[in-house]
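Structure file protein-v8.txt (compact mmCIF, C-alpha atoms) follows.
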# COMPACT_ATOMS: atom_id res chain seq x y z
CA MET C 1 73.85 143.06 72.69
CA SER C 2 73.45 145.47 75.60
CA THR C 3 69.85 144.93 76.62
CA ALA C 4 68.94 144.98 80.30
CA PRO C 5 68.00 141.57 81.77
CA ARG C 6 64.25 141.55 81.39
CA PRO C 7 61.80 138.96 82.80
CA LEU C 8 60.75 136.21 80.45
CA SER C 9 57.11 136.09 79.58
CA PRO C 10 55.18 134.58 81.29
CA HIS C 11 57.21 135.21 84.46
CA LEU C 12 55.92 132.29 86.50
CA GLN C 13 56.56 133.83 89.95
CA ILE C 14 54.26 136.78 89.38
CA TYR C 15 52.07 135.36 86.64
CA ARG C 16 48.38 135.23 87.52
CA MET C 17 46.90 132.03 86.11
CA GLN C 18 43.67 132.47 84.17
CA LEU C 19 41.21 129.86 82.93
CA THR C 20 42.88 129.89 79.50
CA SER C 21 46.43 129.24 80.72
CA THR C 22 45.25 126.75 83.37
CA LEU C 23 43.36 124.67 80.79
CA SER C 24 46.31 124.91 78.40
CA ILE C 25 48.84 123.47 80.84
CA LEU C 26 46.24 120.93 82.03
CA HIS C 27 45.96 119.67 78.44
CA ARG C 28 49.69 119.01 78.32
CA PHE C 29 49.72 117.52 81.84
CA THR C 30 46.81 115.15 81.12
CA GLY C 31 48.46 114.18 77.82
CA VAL C 32 51.65 113.07 79.57
CA ALA C 33 49.60 111.33 82.30
CA LEU C 34 47.54 109.46 79.68
CA ALA C 35 50.73 108.30 77.94
CA LEU C 36 51.81 106.80 81.28
CA GLY C 37 48.31 105.35 81.73
CA ALA C 38 48.65 103.67 78.32
CA VAL C 39 51.47 101.58 79.81
CA LEU C 40 48.97 100.22 82.36
CA LEU C 41 46.43 99.60 79.59
CA VAL C 42 48.95 97.41 77.75
CA ALA C 43 49.83 95.68 81.03
CA TRP C 44 46.11 94.93 81.51
CA LEU C 45 45.89 93.45 77.98
CA ILE C 46 48.98 91.31 78.66
CA ALA C 47 47.39 90.09 81.90
CA ALA C 48 44.22 89.16 79.98
CA ALA C 49 46.32 87.31 77.38
CA THR C 50 48.34 85.48 80.05
CA GLY C 51 45.39 83.77 81.70
CA ALA C 52 42.63 83.89 84.28
CA ASP C 53 44.98 84.04 87.30
CA ALA C 54 47.03 86.97 85.99
CA PHE C 55 43.84 88.74 84.90
CA ASP C 56 42.23 88.28 88.32
CA ARG C 57 45.35 89.75 89.98
CA ALA C 58 45.21 92.75 87.63
CA GLN C 59 41.49 93.18 88.32
CA SER C 60 41.98 93.07 92.09
CA LEU C 61 44.68 95.77 91.81
CA ALA C 62 42.31 97.89 89.71
CA GLY C 63 39.49 97.21 92.16
CA ALA C 64 41.46 98.20 95.28
CA TRP C 65 40.93 101.70 96.66
CA TYR C 66 44.13 103.03 95.05
CA GLY C 67 43.21 101.29 91.79
CA ARG C 68 39.79 102.94 91.76
CA LEU C 69 41.37 106.29 92.61
CA LEU C 70 43.82 105.89 89.73
CA LEU C 71 40.99 104.84 87.38
CA PHE C 72 39.00 107.91 88.46
CA ALA C 73 41.99 110.18 87.73
CA TRP C 74 42.57 108.34 84.43
CA ALA C 75 38.92 108.77 83.40
CA PHE C 76 39.01 112.49 84.20
CA ALA C 77 42.33 112.98 82.36
CA LEU C 78 40.93 111.11 79.36
CA PHE C 79 37.63 113.00 79.20
CA TYR C 80 39.40 116.31 79.76
CA HIS C 81 42.02 115.68 77.07
CA LEU C 82 39.27 114.46 74.72
CA ALA C 83 36.98 117.47 75.25
CA ASN C 84 39.78 120.04 75.22
CA GLY C 85 41.32 118.29 72.21
CA ILE C 86 38.07 118.80 70.30
CA ARG C 87 38.23 122.47 71.42
CA HIS C 88 41.75 122.64 69.94
CA LEU C 89 40.56 121.09 66.66
CA PHE C 90 37.93 123.83 66.33
CA TRP C 91 40.64 126.43 66.92
CA ASP C 92 42.74 124.74 64.24
CA ALA C 93 39.81 125.25 61.88
CA GLY C 94 39.78 128.93 62.88
CA ILE C 95 36.54 128.70 64.89
CA GLY C 96 35.96 130.16 68.37
CA PHE C 97 38.98 132.40 68.78
CA ASP C 98 37.28 135.47 70.29
CA LEU C 99 37.62 135.92 74.04
CA LYS C 100 33.95 135.22 74.81
CA SER C 101 33.98 131.93 72.89
CA VAL C 102 37.30 130.90 74.42
CA TYR C 103 35.90 131.26 77.94
CA LEU C 104 32.56 129.65 77.03
CA SER C 105 34.26 126.63 75.44
CA GLY C 106 36.75 126.49 78.33
CA TRP C 107 34.08 126.25 81.03
CA SER C 108 32.11 123.83 78.83
CA VAL C 109 35.15 121.55 78.65
CA VAL C 110 35.47 121.64 82.46
CA ALA C 111 31.77 120.84 82.93
CA VAL C 112 31.69 118.09 80.28
CA SER C 113 34.79 116.32 81.58
CA VAL C 114 33.57 116.38 85.20
CA LEU C 115 30.07 115.15 84.22
CA LEU C 116 31.37 112.38 81.93
CA THR C 117 33.78 111.17 84.62
CA LEU C 118 31.01 111.02 87.22
CA ALA C 119 28.62 109.37 84.73
CA ALA C 120 31.22 106.72 83.79
CA PHE C 121 31.80 105.88 87.45
CA ALA C 122 28.10 105.86 88.29
CA ALA C 123 27.54 103.45 85.38
CA GLY C 124 30.48 101.30 86.49
CA TYR C 125 29.12 101.03 90.05
CA TRP C 126 25.68 100.30 88.65
CA TYR C 127 27.11 97.37 86.64
CA LEU C 128 28.76 96.17 89.84
CA GLY C 129 25.31 96.15 91.43
CA ALA C 130 26.04 98.95 93.90
CA PHE C 131 22.63 100.48 93.22
CA MET J 1 89.08 124.40 43.26
CA PRO J 2 87.29 124.13 46.65
CA GLU J 3 83.58 123.50 46.37
CA GLY J 4 82.69 126.50 48.55
CA GLN J 5 83.92 128.95 45.96
CA ILE J 6 81.15 128.04 43.55
CA THR J 7 78.42 129.23 45.89
CA GLU J 8 80.26 132.32 47.08
CA GLY J 9 78.54 135.53 46.20
CA ARG J 10 75.08 134.05 46.30
CA SER J 11 72.57 135.57 48.68
CA ALA J 12 71.08 133.57 51.58
CA LEU J 13 67.78 133.35 49.72
CA ALA J 14 69.44 132.07 46.58
CA ARG J 15 71.14 129.34 48.62
CA ALA J 16 67.93 128.36 50.42
CA ARG J 17 66.06 128.07 47.12
CA GLY J 18 66.06 124.63 45.65
CA LEU J 19 67.20 122.98 48.87
CA GLY J 20 64.08 120.87 48.92
CA SER J 21 60.36 120.89 49.31
CA ALA J 22 58.65 122.66 52.17
CA LYS J 23 55.63 120.40 51.76
CA GLU J 24 56.59 118.09 54.63
CA GLY J 25 56.94 120.97 57.07
CA VAL J 26 53.54 120.49 58.64
CA GLY J 27 53.82 116.70 58.75
CA HIS J 28 54.15 116.42 62.54
CA TRP J 29 51.38 118.96 63.20
CA TRP J 30 49.04 117.26 60.71
CA ALA J 31 49.72 113.74 62.03
CA GLN J 32 48.89 114.94 65.55
CA ARG J 33 45.48 116.16 64.32
CA VAL J 34 44.71 113.11 62.18
CA SER J 35 45.49 110.73 65.06
CA ALA J 36 43.37 112.93 67.35
CA LEU J 37 40.40 112.66 64.97
CA LEU J 38 40.82 108.88 64.83
CA LEU J 39 40.97 108.68 68.61
CA ILE J 40 37.72 110.60 69.26
CA PRO J 41 35.29 107.79 68.30
CA LEU J 42 37.67 104.99 69.37
CA VAL J 43 38.21 106.38 72.88
CA VAL J 44 34.49 107.02 73.42
CA TRP J 45 33.73 103.45 72.31
CA PHE J 46 36.52 101.95 74.44
CA VAL J 47 35.57 103.74 77.66
CA ALA J 48 31.88 102.88 77.16
CA ALA J 49 32.82 99.23 76.57
CA LEU J 50 35.13 99.18 79.62
CA VAL J 51 32.37 100.60 81.82
CA TYR J 52 29.93 98.05 80.39
CA HIS J 53 32.37 95.24 81.29
CA THR J 54 32.89 96.42 84.89
CA GLY J 55 33.09 93.32 87.08
CA THR J 56 33.16 90.91 84.10
CA ASP J 57 35.41 87.86 84.62
CA HIS J 58 38.34 86.71 82.48
CA ALA J 59 36.20 84.55 80.19
CA GLY J 60 33.79 87.40 79.50
CA VAL J 61 36.48 90.01 78.90
CA THR J 62 38.55 87.80 76.55
CA LEU J 63 35.36 86.85 74.68
CA TRP J 64 34.78 90.58 74.09
CA LEU J 65 38.44 91.42 73.29
CA GLY J 66 38.79 88.40 71.00
CA ALA J 67 35.73 89.15 68.85
CA PRO J 68 36.79 90.20 65.31
CA ALA J 69 35.27 93.69 65.52
CA THR J 70 36.83 94.39 68.93
CA TYR J 71 40.20 92.99 67.80
CA GLY J 72 40.26 95.27 64.74
CA ALA J 73 39.07 98.35 66.62
CA MET J 74 41.57 97.76 69.43
CA LEU J 75 44.48 97.52 66.98
CA VAL J 76 43.50 100.83 65.35
CA LEU J 77 43.00 102.35 68.82
CA LEU J 78 46.45 101.24 70.03
CA GLY J 79 48.09 102.37 66.78
CA ALA J 80 46.49 105.83 66.88
CA LEU J 81 47.07 106.13 70.64
CA PHE J 82 50.81 105.42 70.59
CA TRP J 83 51.28 107.44 67.40
CA HIS J 84 49.52 110.41 69.07
CA ALA J 85 51.46 109.86 72.33
CA ALA J 86 54.86 109.71 70.56
CA LEU J 87 54.14 112.96 68.70
CA GLY J 88 52.82 114.72 71.80
CA LEU J 89 55.65 113.61 74.09
CA GLN J 90 58.14 114.74 71.44
CA VAL J 91 56.73 118.29 71.61
CA VAL J 92 56.93 118.29 75.42
CA ILE J 93 60.55 117.11 75.33
CA GLU J 94 61.46 119.67 72.68
CA ASP J 95 59.95 122.42 74.83
CA TYR J 96 61.63 121.59 78.13
CA VAL J 97 64.87 119.73 77.35
CA THR J 98 67.73 121.88 76.13
CA GLY J 99 70.90 120.38 74.72
CA GLY J 100 70.98 118.46 71.48
CA ALA J 101 72.23 115.00 72.44
CA MET J 102 70.01 114.61 75.52
CA LYS J 103 66.97 115.89 73.62
CA ILE J 104 67.49 113.56 70.67
CA ALA J 105 68.18 110.59 72.96
CA LEU J 106 64.98 111.22 74.96
CA ILE J 107 62.84 111.59 71.83
CA LEU J 108 64.24 108.38 70.31
CA LEU J 109 63.71 106.58 73.64
CA THR J 110 60.10 107.80 73.82
CA LYS J 111 59.41 106.66 70.25
CA ALA J 112 61.02 103.28 70.92
CA ALA J 113 58.87 102.88 74.06
CA CYS J 114 55.70 103.78 72.13
CA LEU J 115 56.58 101.30 69.38
CA GLY J 116 57.39 98.61 71.95
CA LEU J 117 54.12 99.19 73.83
CA PHE J 118 52.12 99.02 70.59
CA VAL J 119 53.80 95.74 69.64
CA ALA J 120 53.20 94.34 73.14
CA GLY J 121 49.53 95.28 72.95
CA PHE J 122 49.29 93.84 69.43
CA VAL J 123 50.78 90.51 70.53
CA ALA J 124 48.53 90.35 73.63
CA LEU J 125 45.38 91.07 71.59
CA THR J 126 46.39 88.56 68.91
CA LEU J 127 46.94 85.87 71.54
CA ILE J 128 43.51 86.61 73.02
CA ALA J 129 41.82 86.55 69.61
CA PHE J 130 43.52 83.46 68.14
CA ALA J 131 44.92 81.40 71.01
CA GLY J 132 42.47 82.27 73.80
Would you mind writing the structure in this file as structure tokens?
Amino acid sequence: MSTAPRPLSPHLQIYRMQLTSTLSILHRFTGVALALGAVLLVAWLIAAATGADAFDRAQSLAGAWYGRLLLFAWAFALFYHLANGIRHLFWDAGIGFDLKSVYLSGWSVVAVSVLLTLAAFAAGYWYLGAF
Amino acid sequence: MPEGQITEGRSALARARGLGSAKEGVGHWWAQRVSALLLIPLVVWFVAALVYHTGTDHAGVTLWLGAPATYGAMLVLLGALFWHAALGLQVVIEDYVTGGAMKIALILLTKAACLGLFVAGFVALTLIAFAG
């Protein structure tokens, strides 16, 4: 074949990210992150099964500033992957493929995942008696 | 007579015909969607329950995890979660890892890890429910 070397599409060095492509790669990224987070979930269950001491150690790790930060990121990744996953299921059913709907559902997913993350943390702090 | 001679002269289509059913072709895609549907209610329930148990001590958390309804729901959640994760990670590996042996090894490793994590979670939950 004697074709000239042409750039692959999308050529990442000059590719301008849009909402659609950003949300698409974020879905994959959060999926991988959640799979790693599932390891910690199982570790937490093992700690609970081991006994009160192991569970308290796990809880103090989760309650430390880095633990709370990780939980916040985990909650956002989970709500995002959940909301965008539902968006994907609608696409699989052939619903919402036109450009206007794609952008509307995209921004809705962003708003819903941010709001649910904040709501979950507000509720968590409320149960802790913070307010 | 060599076996190859029998099929010589047949077109590519004729050879492809009868080589098996195409019905399983969407199996991976379909399983990813079915596990996703299962996970929607389970994940919402689990996060709500986790938030509700914020600050609860070991006795309270194991009482919740060991209750029959929680035990059953958690097993389905872990099963669907690691099933969904194995399928999803496989697609990511297939997209970015070139080279047959490395790709197959990574996919098998991922699936083994998902199976191992499910079993670990299953054993932990069972201990909490029946020995806690």
* Of the residues J:Ala112, J:Leu38, J:Ile128, J:Ala12, which is the one nearest to chain C, using all atoms listed in the file? ->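 Of J:Ala112, J:Leu38, J:Ile128, J:Ala12, the one nearest chain C is J:Ile128, counting all atoms listed in the file.
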* **Spatial neighbours of Val114 of chain C, max dist 10 Å, only C-alpha atoms, sep filter under 2 positions, as a PyMOL selection string** => chain C and resi 75-77+79-80+108-112+116-119
Write out the residues from the selection above, keeping C-alpha atoms, as a compact mmCIF listing (two decimals), in the frame of the given file.
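Produced file again.txt, reproduced below:
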# COMPACT_ATOMS: atom_id res chain seq x y z
CA ALA C 75 38.92 108.77 83.40
CA PHE C 76 39.01 112.49 84.20
CA ALA C 77 42.33 112.98 82.36
CA PHE C 79 37.63 113.00 79.20
CA TYR C 80 39.40 116.31 79.76
CA SER C 108 32.11 123.83 78.83
CA VAL C 109 35.15 121.55 78.65
CA VAL C 110 35.47 121.64 82.46
CA ALA C 111 31.77 120.84 82.93
CA VAL C 112 31.69 118.09 80.28
CA LEU C 116 31.37 112.38 81.93
CA THR C 117 33.78 111.17 84.62
CA LEU C 118 31.01 111.02 87.22
CA ALA C 119 28.62 109.37 84.73
* Asked: Within 9 Å of Leu45 of chain C, counting only C-alpha atoms, which residues qualify if same-chain residues fewer than 6 places away don't, as number ranges by chain?
  -> C: 55; J: 120-121, 124-125, 128
* **12 Å contact set for Thr126 of chain J, only C-alpha atoms, chain neighbours under 2 positions out, as a count of residues only** => 26
Tell me, counting all atoms listed in the file, for each residue of chain C within 8 Å of chain J, which pair of atoms is nearest and how far apart they are in Å to one decimal, in rows ordered by chain and increasing number, as CSV.
residue,atom,partner,partner_atom,distance
C:Arg28,CA,J:Val92,CA,7.8
C:Gly31,CA,J:Gly88,CA,7.5
C:Val32,CA,J:Leu89,CA,6.8
C:Ala35,CA,J:Ala85,CA,5.9
C:Val39,CA,J:Leu117,CA,7.0
C:Val42,CA,J:Gly121,CA,5.3
C:Leu45,CA,J:Ala124,CA,6.0
C:Ile46,CA,J:Ala124,CA,5.1
C:Ala48,CA,J:Thr62,CA,6.8
C:Ala49,CA,J:Ile128,CA,5.2
C:Gly51,CA,J:His58,CA,7.7
C:Ala52,CA,J:His58,CA,5.4
C:Phe55,CA,J:His58,CA,6.3
C:Asp56,CA,J:His58,CA,7.2
C:Leu82,CA,J:Ile40,CA,6.9
C:Gly85,CA,J:Ala36,CA,7.5
C:Leu89,CA,J:Arg33,CA,7.3
C:Ala120,CA,J:Val51,CA,6.5
C:Phe121,CA,J:Val51,CA,7.7
C:Ala123,CA,J:Val51,CA,6.6
C:Gly124,CA,J:Val51,CA,5.1
C:Tyr125,CA,J:Thr54,CA,7.9
C:Tyr127,CA,J:Thr54,CA,6.1
C:Leu128,CA,J:Gly55,CA,5.9
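Atom CA of Leu77 of chain J sits 13.2 Å away from atom CA of Ala49 of chain J.
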* Between atom CA of Trp65 of chain C and atom CA of Leu26 of chain C, what is the distance, to one decimal in Å? ->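 These atoms are spaced 24.7 Å apart.
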* **Expected answer as a count of residues only: all residues with atoms within 7 Å of (60.0, 110.9, 68.5), only C-alpha atoms** => 7
